[in-house]
There are 2 protein chains.
Amino acid sequence: MTQTTTPAWLAELRFDAQGLIPAIAQDADTGTVLMMAWMNAEAVQETALTGRAVYFSRSRQRLWRKGEESGHIQQVHDIRLDCDGDVLLLKVTQVGGIACHTGRERCFFRSLDTRDAQPAWVVQDPVLKDPDTIYHTPHA
Amino acid sequence: MTQTTTPAWLAELRFDAQGLIPAIAQDADTGTVLMMAWMNAEAVQETALTGRAVYFSRSRQRLWRKGEESGHIQQVHDIRLDCDGDVLLLKVTQVGGIACHTGRERCFFRSLDTRDAQPAWVVQDPVLKDPDTIYHTPHA
């Protein structure tokens, strides 16, 4: 980071032991909760400065500019902080209408069916676009 | 727990190193994101079985039956799991209309004002009820 001192607004955030904070992305128009991912301080700052959602990929251990491969960027209209200062909520416009890497509108596409004695996760939402056509970079 | 084997639906969840999973509570009628808290396996099971939100309090290190002190319980209508299996989303009815311990509808009552050179968190939502009248148990 080029910034040497932490701005006051950023110092109010309580990051976890890994330096991360959960960030929920909610569709600004429909209210649909699209996904939850993690941000480090740099991701929070870049998101606030650019108005485009940037997360921190825990699996890749690097900044993840949402949509960098798929083009499905998130334009951020509002950033909210919860009472404890340890969760963020973003109101976003999901470009392309697909937030999930499975090609669905949102990552929360399974719901728990408790009608039987054995509950089960049931897929509720359709795949809008084949993931193979979303991600063009070959998998290593 | 009385259960000795993990049910299949619960085994699909990916808990973190502390045995916890984030759970987002969203108002079933308005779509407002009320709060995010954590659940352990026991909390998830009790929530699914009883239809009432039960979290795990990290500060108190015990089950936290939402509303146990305030009466502001959450009736759970839908439990969703995300693509990675590591975040839950609950659609709830928030009894009393207050999810936050500050007496507000939701925990996300501050938003980032970026109009000035120095961004700042600004309280957007009113206190609906004095917290002192919500929690009757004296603080130790």
# chains A, B, ... in the order shown; residues from 1 in each chain; ligands from 1
>>> calpha_fit_and_write(fixed="chain B", moving="chain A", output="short mmCIF file (atom, residue, chain, number, x, y, z; two decimals) with C-alpha atoms, in the first residue's frame")
data_model
loop_
_atom_site.label_atom_id
_atom_site.label_comp_id
_atom_site.auth_asym_id
_atom_site.auth_seq_id
_atom_site.Cartn_x
_atom_site.Cartn_y
_atom_site.Cartn_z
CA MET A 1 -25.07 -32.33 21.65
CA THR A 2 -27.24 -35.38 21.88
CA GLN A 3 -26.68 -36.20 18.21
CA THR A 4 -23.77 -38.56 17.76
CA THR A 5 -23.47 -38.56 13.97
CA THR A 6 -23.45 -35.49 11.78
CA PRO A 7 -26.46 -35.40 9.42
CA ALA A 8 -25.59 -35.24 5.72
CA TRP A 9 -27.04 -31.75 5.24
CA LEU A 10 -24.94 -30.41 8.10
CA ALA A 11 -21.81 -32.15 6.82
CA GLU A 12 -22.05 -30.01 3.67
CA LEU A 13 -21.27 -26.90 5.68
CA ARG A 14 -17.69 -25.72 5.86
CA PHE A 15 -17.07 -24.38 9.33
CA ASP A 16 -13.95 -22.33 10.00
CA ALA A 17 -11.05 -23.26 12.28
CA GLN A 18 -13.13 -22.17 15.29
CA GLY A 19 -16.02 -24.38 14.18
CA LEU A 20 -18.11 -21.39 13.12
CA ILE A 21 -19.92 -20.25 9.99
CA PRO A 22 -21.22 -16.73 9.24
CA ALA A 23 -25.00 -16.36 9.10
CA ILE A 24 -26.65 -13.33 7.53
CA ALA A 25 -30.17 -12.46 8.70
CA GLN A 26 -32.39 -10.74 6.14
CA ASP A 27 -35.90 -9.47 6.76
CA ALA A 28 -38.24 -11.78 4.85
CA ASP A 29 -40.68 -9.01 3.98
CA THR A 30 -38.55 -5.97 3.25
CA GLY A 31 -35.26 -7.58 2.19
CA THR A 32 -33.37 -5.43 4.68
CA VAL A 33 -30.14 -7.04 5.81
CA LEU A 34 -30.46 -6.93 9.58
CA MET A 35 -27.24 -8.42 10.92
CA MET A 36 -24.53 -10.99 10.52
CA ALA A 37 -23.53 -13.30 13.32
CA TRP A 38 -21.88 -16.69 13.72
CA MET A 39 -23.21 -20.20 14.22
CA ASN A 40 -21.59 -23.41 15.34
CA ALA A 41 -22.97 -26.78 14.27
CA GLU A 42 -25.28 -26.95 17.27
CA ALA A 43 -26.69 -23.49 16.54
CA VAL A 44 -27.33 -24.41 12.91
CA GLN A 45 -29.11 -27.59 13.93
CA GLU A 46 -31.26 -25.90 16.54
CA THR A 47 -32.14 -23.12 14.11
CA ALA A 48 -33.18 -25.64 11.46
CA LEU A 49 -35.17 -27.76 13.89
CA THR A 50 -36.95 -25.00 15.79
CA GLY A 51 -37.34 -22.32 13.10
CA ARG A 52 -35.92 -19.76 15.47
CA ALA A 53 -32.50 -18.17 14.96
CA VAL A 54 -29.80 -19.41 17.30
CA TYR A 55 -26.28 -18.05 16.98
CA PHE A 56 -23.01 -18.71 18.75
CA SER A 57 -21.75 -15.77 20.77
CA ARG A 58 -18.01 -15.49 20.26
CA SER A 59 -17.64 -13.10 23.19
CA ARG A 60 -19.60 -15.30 25.59
CA GLN A 61 -18.55 -18.60 23.97
CA ARG A 62 -22.01 -20.07 24.22
CA LEU A 63 -25.21 -20.51 22.23
CA TRP A 64 -27.08 -17.25 21.81
CA ARG A 65 -30.76 -17.75 21.27
CA LYS A 66 -31.51 -14.45 19.59
CA GLY A 67 -34.07 -12.61 21.67
CA GLU A 68 -33.44 -14.60 24.83
CA GLU A 69 -33.05 -11.37 26.80
CA SER A 70 -34.78 -8.80 24.61
CA GLY A 71 -37.68 -10.90 23.36
CA HIS A 72 -36.67 -9.85 19.86
CA ILE A 73 -36.55 -13.35 18.46
CA GLN A 74 -36.14 -14.15 14.77
CA GLN A 75 -38.56 -16.55 13.14
CA VAL A 76 -36.70 -18.32 10.34
CA HIS A 77 -38.54 -18.99 7.08
CA ASP A 78 -35.68 -20.01 4.82
CA ILE A 79 -32.07 -21.09 5.27
CA ARG A 80 -29.77 -20.77 2.30
CA LEU A 81 -26.21 -21.94 1.76
CA ASP A 82 -23.74 -20.32 -0.60
CA CYS A 83 -21.79 -21.95 -3.41
CA ASP A 84 -18.73 -22.63 -1.28
CA GLY A 85 -20.80 -23.96 1.61
CA ASP A 86 -19.25 -21.52 4.05
CA VAL A 87 -21.91 -18.81 4.51
CA LEU A 88 -25.58 -19.08 5.52
CA LEU A 89 -28.39 -16.66 4.67
CA LEU A 90 -31.55 -16.65 6.77
CA LYS A 91 -34.85 -15.09 5.78
CA VAL A 92 -36.42 -14.03 9.04
CA THR A 93 -39.28 -12.22 10.66
CA GLN A 94 -37.73 -9.93 13.23
CA VAL A 95 -40.11 -9.87 16.17
CA GLY A 96 -40.29 -6.39 17.67
CA GLY A 97 -38.75 -4.92 14.54
CA ILE A 98 -35.38 -4.47 16.26
CA ALA A 99 -32.41 -6.68 15.44
CA CYS A 100 -29.61 -4.52 16.85
CA HIS A 101 -28.58 -4.28 20.50
CA THR A 102 -28.44 -0.48 20.03
CA GLY A 103 -32.23 -0.47 19.65
CA ARG A 104 -32.16 -0.01 15.88
CA GLU A 105 -33.89 -2.05 13.21
CA ARG A 106 -30.57 -3.36 11.91
CA CYS A 107 -26.92 -3.47 12.86
CA PHE A 108 -25.84 -1.82 9.59
CA PHE A 109 -26.88 1.68 10.63
CA ARG A 110 -23.73 3.56 9.59
CA SER A 111 -22.78 4.33 6.01
CA LEU A 112 -19.55 5.69 4.61
CA ASP A 113 -19.79 9.30 3.52
CA THR A 114 -17.14 9.82 0.85
CA ARG A 115 -18.11 13.34 -0.20
CA ASP A 116 -15.30 14.95 1.77
CA ALA A 117 -11.59 14.34 1.35
CA GLN A 118 -11.74 12.41 4.62
CA PRO A 119 -14.49 9.81 4.44
CA ALA A 120 -16.50 9.24 7.62
CA TRP A 121 -19.06 6.80 8.99
CA VAL A 122 -22.40 8.54 9.40
CA VAL A 123 -25.30 7.15 11.43
CA GLN A 124 -28.31 6.80 9.14
CA ASP A 125 -30.89 4.90 11.16
CA PRO A 126 -32.79 6.04 14.26
CA VAL A 127 -32.86 4.31 17.62
CA LEU A 128 -36.36 2.86 17.83
CA LYS A 129 -36.17 1.84 21.47
CA ASP A 130 -33.82 2.71 24.32
CA PRO A 131 -31.53 -0.30 24.86
CA ASP A 132 -31.90 0.16 28.62
CA THR A 133 -35.57 -0.68 28.27
CA ILE A 134 -34.80 -3.66 26.03
CA TYR A 135 -32.35 -5.44 28.29
CA HIS A 136 -33.58 -5.86 31.80
CA THR A 137 -30.77 -7.99 33.18
CA PRO A 138 -28.23 -5.93 35.11
CA HIS A 139 -24.76 -5.83 33.62
CA ALA A 140 -22.17 -7.59 35.76
#
>>> select_by_dssp(residues="segment 83-113 of chain A", states="strand (DSSP E or B)", output="NGL selection string")
:A and (88-94 or 110-113)
>>> write_last_selection(atoms="N, CA and C atoms", output="JSON list (two decimals), in the first residue's frame")
[["chain", "number", "residue", "atom", "x", "y", "z"],
["A", 88, "LEU", "N", -19.11, -5.60, 6.90],
["A", 88, "LEU", "CA", -19.49, -4.56, 5.94],
["A", 88, "LEU", "C", -20.67, -5.05, 5.10],
["A", 89, "LEU", "N", -21.49, -4.11, 4.68],
["A", 89, "LEU", "CA", -22.61, -4.40, 3.77],
["A", 89, "LEU", "C", -22.52, -3.44, 2.59],
["A", 90, "LEU", "N", -22.43, -3.98, 1.40],
["A", 90, "LEU", "CA", -22.35, -3.16, 0.19],
["A", 90, "LEU", "C", -23.65, -3.23, -0.57],
["A", 91, "LYS", "N", -24.14, -2.07, -1.01],
["A", 91, "LYS", "CA", -25.23, -2.04, -1.97],
["A", 91, "LYS", "C", -24.60, -1.89, -3.35],
["A", 92, "VAL", "N", -24.88, -2.85, -4.22],
["A", 92, "VAL", "CA", -24.17, -2.88, -5.49],
["A", 92, "VAL", "C", -25.12, -3.03, -6.68],
["A", 93, "THR", "N", -24.62, -2.60, -7.82],
["A", 93, "THR", "CA", -25.20, -3.00, -9.10],
["A", 93, "THR", "C", -24.33, -4.10, -9.66],
["A", 94, "GLN", "N", -24.93, -5.27, -9.85],
["A", 94, "GLN", "CA", -24.17, -6.41, -10.35],
["A", 94, "GLN", "C", -24.22, -6.40, -11.87],
["A", 110, "ARG", "N", -28.95, -22.44, -2.88],
["A", 110, "ARG", "CA", -29.49, -23.66, -2.27],
["A", 110, "ARG", "C", -30.25, -23.32, -1.01],
["A", 111, "SER", "N", -31.40, -23.92, -0.80],
["A", 111, "SER", "CA", -32.11, -23.71, 0.46],
["A", 111, "SER", "C", -32.38, -25.05, 1.13],
["A", 112, "LEU", "N", -32.51, -25.00, 2.43],
["A", 112, "LEU", "CA", -32.68, -26.22, 3.21],
["A", 112, "LEU", "C", -34.15, -26.65, 3.19],
["A", 113, "ASP", "N", -34.37, -27.84, 2.67],
["A", 113, "ASP", "CA", -35.71, -28.41, 2.64],
["A", 113, "ASP", "C", -35.86, -29.28, 3.89]]
>>> select_by_dssp(residues="chain B", states="alpha helix (DSSP H)", output="PyMOL selection string")
chain B and resi 8-11+41-50+131-134
